file target-v8.cif (mmCIF, C-alpha atoms and all ligand atoms)
data_coords
#
loop_
_atom_site.label_atom_id
_atom_site.label_comp_id
_atom_site.auth_asym_id
_atom_site.auth_seq_id
_atom_site.Cartn_x
_atom_site.Cartn_y
_atom_site.Cartn_z
CA MET A 120 218.17 2.75 123.85
CA THR A 121 215.93 2.31 120.79
CA ASP A 122 213.49 -0.53 120.38
CA ALA A 123 215.15 -3.02 118.04
CA SER A 124 211.93 -4.86 117.17
CA GLY A 125 209.81 -1.89 116.04
CA PRO A 126 208.73 -1.25 112.43
CA ALA A 127 211.17 1.69 112.29
CA SER A 128 214.17 -0.57 112.89
CA GLY A 129 212.92 -2.97 110.18
CA ALA A 130 213.01 -0.10 107.68
CA ALA A 131 216.46 0.88 108.91
CA ALA A 132 217.75 -2.64 108.43
CA GLU A 133 216.32 -2.68 104.91
CA LEU A 134 217.98 0.64 104.14
CA GLY A 135 221.25 -0.65 105.57
CA GLU A 136 221.07 -3.70 103.35
CA ARG A 137 220.40 -1.60 100.28
CA VAL A 138 223.35 0.66 101.02
CA GLU A 139 225.54 -2.38 101.55
CA HIS A 140 224.48 -3.86 98.20
CA ARG A 141 225.16 -0.60 96.48
CA TRP A 142 228.68 -0.43 97.97
CA ALA A 143 229.35 -4.04 97.00
CA ALA A 144 228.37 -3.16 93.41
CA VAL A 145 230.69 -0.15 93.47
CA MET A 146 233.56 -2.31 94.75
CA VAL A 147 232.99 -4.89 92.03
CA ALA A 148 232.88 -2.11 89.43
CA ILE A 149 236.21 -0.73 90.70
CA LEU A 150 237.79 -4.19 90.61
CA VAL A 151 236.52 -4.78 87.06
CA LEU A 152 237.92 -1.41 86.04
CA PHE A 153 241.35 -2.23 87.54
CA VAL A 154 241.49 -5.64 85.90
CA ALA A 155 240.42 -4.17 82.56
CA GLY A 156 243.04 -1.42 82.87
CA ALA A 157 245.83 -3.86 83.74
CA THR A 158 244.80 -6.21 80.92
CA PHE A 159 244.75 -3.38 78.41
CA ALA A 160 248.12 -2.06 79.53
CA GLY A 161 249.62 -5.55 79.36
CA ILE A 162 248.24 -6.58 76.00
CA TYR A 163 247.99 -3.37 74.01
CA ARG A 164 251.68 -2.79 73.36
CA ALA A 165 252.49 -6.49 73.04
CA ALA A 166 249.81 -6.84 70.36
CA LEU A 167 251.10 -3.94 68.28
CA PRO A 168 253.55 -4.76 65.51
CA GLN A 169 257.05 -3.46 66.19
CA GLY A 170 257.48 0.16 65.21
CA HIS A 171 260.51 -0.64 63.19
CA VAL A 172 262.25 -3.82 62.17
CA GLU A 173 265.75 -4.01 60.77
CA THR A 174 266.79 -7.06 58.84
CA VAL A 175 270.26 -8.33 58.02
CA ASN A 176 271.39 -11.38 56.05
CA PRO A 177 272.91 -13.82 58.59
CA ARG A 178 274.80 -15.65 55.81
CA THR A 179 276.82 -12.62 54.75
CA LEU A 180 277.44 -11.01 58.17
CA HIS A 181 281.16 -11.68 57.94
CA ILE A 182 281.53 -10.57 54.35
CA ASP A 183 280.04 -7.11 54.28
CA GLY A 184 277.75 -4.63 55.97
CA GLU A 185 277.44 -3.33 59.50
CA PHE A 186 278.48 -6.56 61.24
CA ILE A 187 281.78 -7.32 59.53
CA GLU A 188 284.45 -8.13 62.09
CA SER A 189 286.33 -4.84 61.71
CA ASN A 190 283.16 -2.93 62.60
CA LEU A 191 282.32 -4.88 65.78
CA GLY A 192 282.91 -3.42 69.22
CA SER A 193 282.26 0.06 70.59
CA ALA A 194 282.27 3.15 68.43
CA ALA A 195 282.21 6.76 69.63
CA GLU A 196 279.58 8.70 67.68
CA PRO A 197 279.82 12.38 66.72
CA ASP A 198 276.86 13.20 68.99
CA GLY A 199 278.75 11.93 72.06
CA SER A 200 276.89 8.63 72.33
CA VAL A 201 278.44 5.20 71.88
CA THR A 202 277.28 2.39 69.60
CA VAL A 203 278.19 -1.19 70.45
CA ARG A 204 277.93 -3.75 67.65
CA GLY A 205 278.19 -7.45 68.32
CA ILE A 206 277.28 -10.91 67.09
CA GLY A 207 276.09 -13.97 68.97
CA GLN A 208 276.97 -17.34 67.55
CA GLN A 209 277.18 -20.91 68.85
CA TYR A 210 278.76 -20.60 71.43
CA SER A 211 280.25 -17.18 71.97
CA PHE A 212 279.76 -13.47 71.55
CA THR A 213 281.97 -11.24 69.41
CA PRO A 214 283.48 -9.22 70.97
CA ALA A 215 283.91 -11.48 74.00
CA CYS A 216 284.51 -8.42 76.16
CA VAL A 217 282.42 -5.30 75.54
CA LEU A 218 283.89 -1.96 76.61
CA VAL A 219 281.52 0.89 77.47
CA PRO A 220 281.89 4.26 79.21
CA THR A 221 280.00 5.50 82.27
CA ASP A 222 277.32 8.22 82.03
CA THR A 223 276.93 7.99 78.26
CA PRO A 224 273.99 6.94 76.12
CA VAL A 225 274.96 3.54 74.71
CA THR A 226 273.12 1.94 71.79
CA LEU A 227 273.56 -1.80 71.55
CA ARG A 228 273.13 -3.29 68.08
CA MET A 229 273.37 -7.05 67.99
CA THR A 230 272.43 -9.93 65.75
CA SER A 231 272.89 -13.67 65.53
CA ALA A 232 274.93 -15.57 62.97
CA ASP A 233 273.08 -18.87 63.43
CA VAL A 234 270.27 -19.68 65.88
CA VAL A 235 268.28 -17.67 68.44
CA HIS A 236 270.40 -16.51 71.36
CA GLY A 237 269.53 -14.31 74.28
CA PHE A 238 271.73 -11.85 76.00
CA LEU A 239 271.47 -9.80 79.10
CA ILE A 240 273.86 -7.67 81.09
CA GLY A 241 273.70 -8.50 84.79
CA GLY A 242 272.43 -5.71 87.03
CA THR A 243 271.09 -3.59 84.15
CA ASN A 244 267.91 -3.35 82.11
CA VAL A 245 269.64 -4.81 79.05
CA ASN A 246 267.87 -8.00 78.02
CA LEU A 247 267.42 -8.90 74.37
CA MET A 248 266.85 -11.81 72.04
CA LEU A 249 269.21 -12.21 69.14
CA VAL A 250 267.34 -13.60 66.16
CA PRO A 251 269.17 -14.50 62.95
CA GLY A 252 268.07 -12.15 60.18
CA TYR A 253 267.20 -9.27 62.52
CA VAL A 254 269.06 -6.51 64.30
CA SER A 255 268.22 -6.21 68.01
CA SER A 256 268.74 -2.68 69.21
CA LEU A 257 268.48 -1.15 72.66
CA ARG A 258 269.60 2.08 74.28
CA SER A 259 271.03 1.97 77.76
CA ARG A 260 273.27 3.83 80.17
CA PHE A 261 275.78 2.61 82.73
CA ASP A 262 276.27 4.66 85.88
CA GLN A 263 278.91 2.73 87.81
CA PRO A 264 282.28 1.59 86.51
CA GLY A 265 282.92 -2.12 86.94
CA GLU A 266 282.58 -5.50 85.31
CA ARG A 267 279.42 -7.34 84.49
CA LEU A 268 278.59 -10.68 82.99
CA MET A 269 276.74 -10.97 79.73
CA PRO A 270 275.40 -14.53 79.45
CA CYS A 271 273.27 -16.09 76.74
CA HIS A 272 269.92 -16.80 78.36
CA GLU A 273 268.20 -18.66 75.53
CA PHE A 274 268.93 -22.37 75.12
CA CYS A 275 270.85 -22.55 71.86
CA GLY A 276 272.46 -25.99 71.86
CA VAL A 277 274.93 -28.18 73.76
CA GLY A 278 277.33 -25.29 74.37
CA HIS A 279 274.69 -22.90 75.70
CA GLU A 280 275.96 -23.05 79.28
CA GLY A 281 279.37 -21.78 78.23
CA MET A 282 278.13 -18.94 76.06
CA TRP A 283 278.80 -15.66 77.78
CA ALA A 284 280.84 -12.50 77.48
CA ARG A 285 282.06 -9.78 79.81
CA VAL A 286 281.12 -6.12 79.91
CA LYS A 287 283.68 -3.67 81.24
CA ILE A 288 282.36 -0.25 82.20
CA ILE A 289 285.14 2.33 82.42
CA ASP A 290 285.29 6.00 83.25
CA LYS A 291 283.96 8.27 80.53
CA ALA A 292 287.24 10.22 80.16
CA ALA A 293 289.35 7.05 79.94
CA PHE A 294 287.02 5.73 77.27
CA ALA A 295 287.30 8.98 75.30
CA ARG A 296 291.12 8.73 75.37
CA LEU A 297 290.99 5.19 73.97
CA ALA A 298 288.36 6.15 71.40
CA ALA A 299 290.67 8.87 70.09
CA GLN A 300 293.24 6.19 69.22
CA HIS A 301 291.06 3.37 67.92
CA ARG A 302 288.10 3.32 65.59
CA ARG A 303 286.48 0.39 67.39
CA LEU A 304 287.02 -0.59 71.00
CA SER A 305 286.66 -3.77 72.99
CA CYS A 306 288.36 -5.25 76.04
CA VAL A 307 289.31 -8.54 74.39
CA GLU A 308 292.95 -9.17 75.25
CU1 LIG B 1 273.46 -18.83 72.90
CU2 LIG B 1 272.39 -19.97 74.64
#

call {"tool": "encode", "arguments": {"input": "target-v8.cif", "output": "structure tokens"}}
result
Amino acid sequence: MTDASGPASGAAAELGERVEHRWAAVMVAILVLFVAGATFAGIYRAALPQGHVETVNPRTLHIDGEFIESNLGSAAEPDGSVTVRGIGQQYSFTPACVLVPTDTPVTLRMTSADVVHGFLIGGTNVNLMLVPGYVSSLRSRFDQPGERLMPCHEFCGVGHEGMWARVKIIDKAAFARLAAQHRRLSCVE
């Protein structure tokens, strides 16, 4: 047993305290570094202007351009991907049933004809805002066939609650057969 009251133990206690302070400083530095890193990661991208913004005139959507009615729905592209074009308006989506294939890159291109709407596809990463005057675009992929709901998730007026569409995901080969017969596809009956 060592003598706990000797001058040697006093020096040891002092050393211990210094080491403890040093470690506390290191811990605080690590915490500050983590917080700074998380803050940077969270703010940096959000603060950047969007890489590319596409505008569209909401008043002439139905008359000409990409979002005329005959061009809405799903289109098979030459590169094997699929483009889905749709419009949100008070209080529905056009098409009201979106048809997409499994295991295929799908680009969603949507806009609003009136006010701000939201839309998401349940169980997927698809979640966008539809802002009149702008095209909202997102690439996604659907692995499992099935049906999903596509509700508006942005309050857009008295009919907001009833604003939703369906998404039907069908087998890639079945989709290709339909795409060979029709220029634009949807599952609206
Ligand atoms: Cu559209 Cu809520």

call {"tool": "atom_distance", "arguments": {"input": "target-v8.cif", "atom1": "CA of Thr223 in chain A", "atom2": "CA of Gly199 in chain A"}}
result
7.6 Å

call {"tool": "residues_around", "arguments": {"input": "target-v8.cif", "residues": "range 262-279 of chain A", "least_positions_apart": "2", "cutoff": "9 Å", "atoms": "all atoms listed in the file", "output": "PyMOL selection string"}}
result
chain A and resi 207+209-212+216+220-223+234-242+248+260+281-290

call {"tool": "closest_atom_pairs", "arguments": {"input": "target-v8.cif", "of": "range 229-306 of chain A", "to": "range 189-194 of chain A", "cutoff": "12 Å", "atoms": "only C-alpha atoms", "output": "tab-separated table"}}
result
residue	atom	partner	partner_atom	distance
A:Met229	CA	A:Leu191	CA	9.5
A:Thr230	CA	A:Leu191	CA	11.1
A:Val286	CA	A:Gly192	CA	11.2
A:Lys287	CA	A:Ser193	CA	11.4
A:Ile288	CA	A:Ser193	CA	11.6
A:Phe294	CA	A:Ser193	CA	10.0
A:Ala295	CA	A:Ala194	CA	10.3
A:Leu297	CA	A:Ala194	CA	10.5
A:Ala298	CA	A:Ala194	CA	7.4
A:Ala299	CA	A:Ala194	CA	10.3
A:Gln300	CA	A:Ala194	CA	11.4
A:His301	CA	A:Ala194	CA	8.8
A:Arg302	CA	A:Ala194	CA	6.5
A:Arg303	CA	A:Ala194	CA	5.1
A:Leu304	CA	A:Ser193	CA	4.8
A:Ser305	CA	A:Gly192	CA	5.3
A:Cys306	CA	A:Gly192	CA	8.9

call {"tool": "residues_around", "arguments": {"input": "target-v8.cif", "residues": "range 250-252 of chain A", "least_positions_apart": "4", "cutoff": "6 Å", "atoms": "only C-alpha atoms", "output": "list in words"}}
result
Thr174, Val175, Asn176, Pro177, Ser231, Ala232, Asp233 and Val235 of chain A

call {"tool": "atom_distance", "arguments": {"input": "target-v8.cif", "atom1": "CA of Ser255 in chain A", "atom2": "CA of Glu185 in chain A"}}
result
12.9 Å

call {"tool": "atom_distance", "arguments": {"input": "target-v8.cif", "atom1": "CA of Thr243 in chain A", "atom2": "CA of Arg164 in chain A"}}
result
22.2 Å

call {"tool": "closest_residue", "arguments": {"input": "target-v8.cif", "among": "A:Gln208, A:Glu308, A:Arg296, A:Thr226", "to": "ligand LIG 1 (chain B)", "atoms": "only C-alpha atoms and all ligand atoms"}}
result
A:Gln208

call {"tool": "closest_residue", "arguments": {"input": "target-v8.cif", "among": "A:Leu218, A:Val172, A:Ile206, A:Ala292", "to": "ligand LIG 1 (chain B)", "atoms": "only C-alpha atoms and all ligand atoms"}}
result
A:Ile206

call {"tool": "closest_residue", "arguments": {"input": "target-v8.cif", "among": "A:Leu247, A:Val307, A:Leu180, A:Ala293", "to": "ligand LIG 1 (chain B)", "atoms": "only C-alpha atoms and all ligand atoms"}}
result
A:Leu247

call {"tool": "closest_residue", "arguments": {"input": "target-v8.cif", "among": "A:Ala132, A:Leu150, A:Val225, A:Ala215", "to": "Ala195 in chain A", "atoms": "all atoms listed in the file"}}
result
A:Val225

call {"tool": "closest_residue", "arguments": {"input": "target-v8.cif", "among": "A:Ala165, A:Val138, A:Thr213, A:Val254", "to": "ligand LIG 1 (chain B)", "atoms": "all atoms listed in the file"}}
result
A:Thr213
